[in-house]
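Visitor: I have a structure I would like to understand better, so I am pasting it below and will then ask my questions one at a time.
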Amino acid sequence: MEMSNEEIIRRYKQAKHKASQIQILADLNACPKSKILEIVSDSIVPKHPTPAQAKEQPETVKAVDNLASFEEYVVNRMDEIDGQLKALEKEYADLSVTLLTIGRYGEERASVHE
């Protein structure tokens, strides 16, 4: 990790596009997105309920469990989509090279027939 947890949290909170910021922070810190999400979620979801929340503790724990499950689903789905995007980007790059090659071949062929 390059940045402290506090720095990660600060940059996340200041970000205009929070979803994109997760990937940016992961790249900058050379760590998985799940680690950044863990750090950021710890700053958002209180670990210890205040006395006023203590009466609602079973519901709060249940909500956090559901939130954690949902967060895991979202992270996994983002990773799946990221993999699909990378595959499509590679295919796009390959097709670009093919198109460039076709263009060069067409130019060479035209110059030979002139």
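In the structure tokens, each chain is lettered A, B, ... as it comes, each chain's residues begin at 1, and ligands are numbered from 1 in order of appearance.
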Residues near Glu72 in chain A, anyone? I mean within 12 Å using only C-alpha atoms, not counting same-chain ones fewer than 3 positions away, as an NGL selection string.

Guide: :A and (33-35 or 37-38 or 41 or 64-69 or 75-79)

Visitor: Take the residues from that selection and write them out as a short mmCIF file (atom, residue, chain, number, x, y, z; two decimals), in the first residue's frame, keeping N, CA and C atoms.

Guide:
```
data_model
loop_
_atom_site.label_atom_id
_atom_site.label_comp_id
_atom_site.auth_asym_id
_atom_site.auth_seq_id
_atom_site.Cartn_x
_atom_site.Cartn_y
_atom_site.Cartn_z
N LYS A 33 -9.31 -4.14 -5.70
CA LYS A 33 -10.40 -3.22 -5.40
C LYS A 33 -11.06 -3.59 -4.08
N SER A 34 -11.11 -4.88 -3.77
CA SER A 34 -11.77 -5.32 -2.54
C SER A 34 -11.09 -4.73 -1.31
N LYS A 35 -9.76 -4.55 -1.35
CA LYS A 35 -9.04 -3.96 -0.23
C LYS A 35 -9.44 -2.49 -0.04
N LEU A 37 -12.28 -1.15 -1.06
CA LEU A 37 -13.66 -1.15 -0.58
C LEU A 37 -13.73 -1.45 0.91
N GLU A 38 -12.89 -2.35 1.37
CA GLU A 38 -12.85 -2.68 2.79
C GLU A 38 -12.45 -1.45 3.61
N SER A 41 -15.33 1.19 3.30
CA SER A 41 -16.55 0.79 4.00
C SER A 41 -16.37 0.87 5.51
N VAL A 64 -25.81 -4.80 8.25
CA VAL A 64 -24.41 -4.83 7.87
C VAL A 64 -24.08 -6.14 7.16
N ASP A 65 -24.64 -7.26 7.63
CA ASP A 65 -24.41 -8.54 6.97
C ASP A 65 -24.95 -8.49 5.54
N ASN A 66 -26.15 -7.94 5.36
CA ASN A 66 -26.70 -7.82 4.02
C ASN A 66 -25.88 -6.87 3.18
N LEU A 67 -25.42 -5.80 3.78
CA LEU A 67 -24.57 -4.85 3.07
C LEU A 67 -23.27 -5.51 2.66
N ALA A 68 -22.70 -6.30 3.54
CA ALA A 68 -21.44 -6.98 3.21
C ALA A 68 -21.66 -7.98 2.07
N SER A 69 -22.78 -8.69 2.11
CA SER A 69 -23.09 -9.64 1.02
C SER A 69 -23.30 -8.90 -0.29
N VAL A 75 -18.64 -6.20 -5.94
CA VAL A 75 -17.20 -6.29 -6.25
C VAL A 75 -16.95 -7.43 -7.23
N ASN A 76 -17.58 -8.59 -6.98
CA ASN A 76 -17.39 -9.73 -7.87
C ASN A 76 -17.93 -9.43 -9.27
N ARG A 77 -19.09 -8.78 -9.33
CA ARG A 77 -19.68 -8.45 -10.63
C ARG A 77 -18.80 -7.44 -11.38
N MET A 78 -18.26 -6.46 -10.65
CA MET A 78 -17.36 -5.49 -11.27
C MET A 78 -16.13 -6.19 -11.82
N ASP A 79 -15.60 -7.16 -11.09
CA ASP A 79 -14.44 -7.91 -11.57
C ASP A 79 -14.79 -8.71 -12.83
#
```

Visitor: Hey, what's within 12 Å of Lys13 in chain A if we count only C-alpha atoms and toss same-chain stuff fewer than 3 positions away? As a list in words, please?

Guide: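 Everything that qualifies: Glu6, Glu7, Ile8, Ile9, Arg10, Lys16, His17, Lys18, Ala19, Gln21, Ile22, Leu25, Ile39, Val40, Ser41, Ser43 and Ile44 of chain A.
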
Visitor: Create the file for the chosen residues now, containing C-alpha atoms and written as a PDB file, in the first residue's frame.

Guide:
```pdb
ATOM      1  CA  GLU A   6      -6.786   7.919   6.055  1.00  0.00           C
ATOM      2  CA  GLU A   7      -5.471   9.182   2.709  1.00  0.00           C
ATOM      3  CA  ILE A   8      -7.500   6.567   0.823  1.00  0.00           C
ATOM      4  CA  ILE A   9     -10.647   7.524   2.726  1.00  0.00           C
ATOM      5  CA  ARG A  10     -10.033  11.233   2.164  1.00  0.00           C
ATOM      6  CA  LYS A  16     -16.810  13.218  -7.731  1.00  0.00           C
ATOM      7  CA  HIS A  17     -17.178   9.736  -9.276  1.00  0.00           C
ATOM      8  CA  LYS A  18     -16.803   7.411  -6.324  1.00  0.00           C
ATOM      9  CA  ALA A  19     -17.205   4.162  -8.298  1.00  0.00           C
ATOM     10  CA  GLN A  21     -12.234   6.273  -7.653  1.00  0.00           C
ATOM     11  CA  ILE A  22     -12.204   2.737  -6.190  1.00  0.00           C
ATOM     12  CA  LEU A  25      -7.096   4.005  -5.691  1.00  0.00           C
ATOM     13  CA  ILE A  39     -10.961   0.447   3.883  1.00  0.00           C
ATOM     14  CA  VAL A  40     -13.641   2.802   2.595  1.00  0.00           C
ATOM     15  CA  SER A  41     -16.555   0.791   4.001  1.00  0.00           C
ATOM     16  CA  SER A  43     -15.002   4.519   7.430  1.00  0.00           C
ATOM     17  CA  ILE A  44     -18.670   4.630   6.421  1.00  0.00           C
TER      18      ILE A  44
END
```
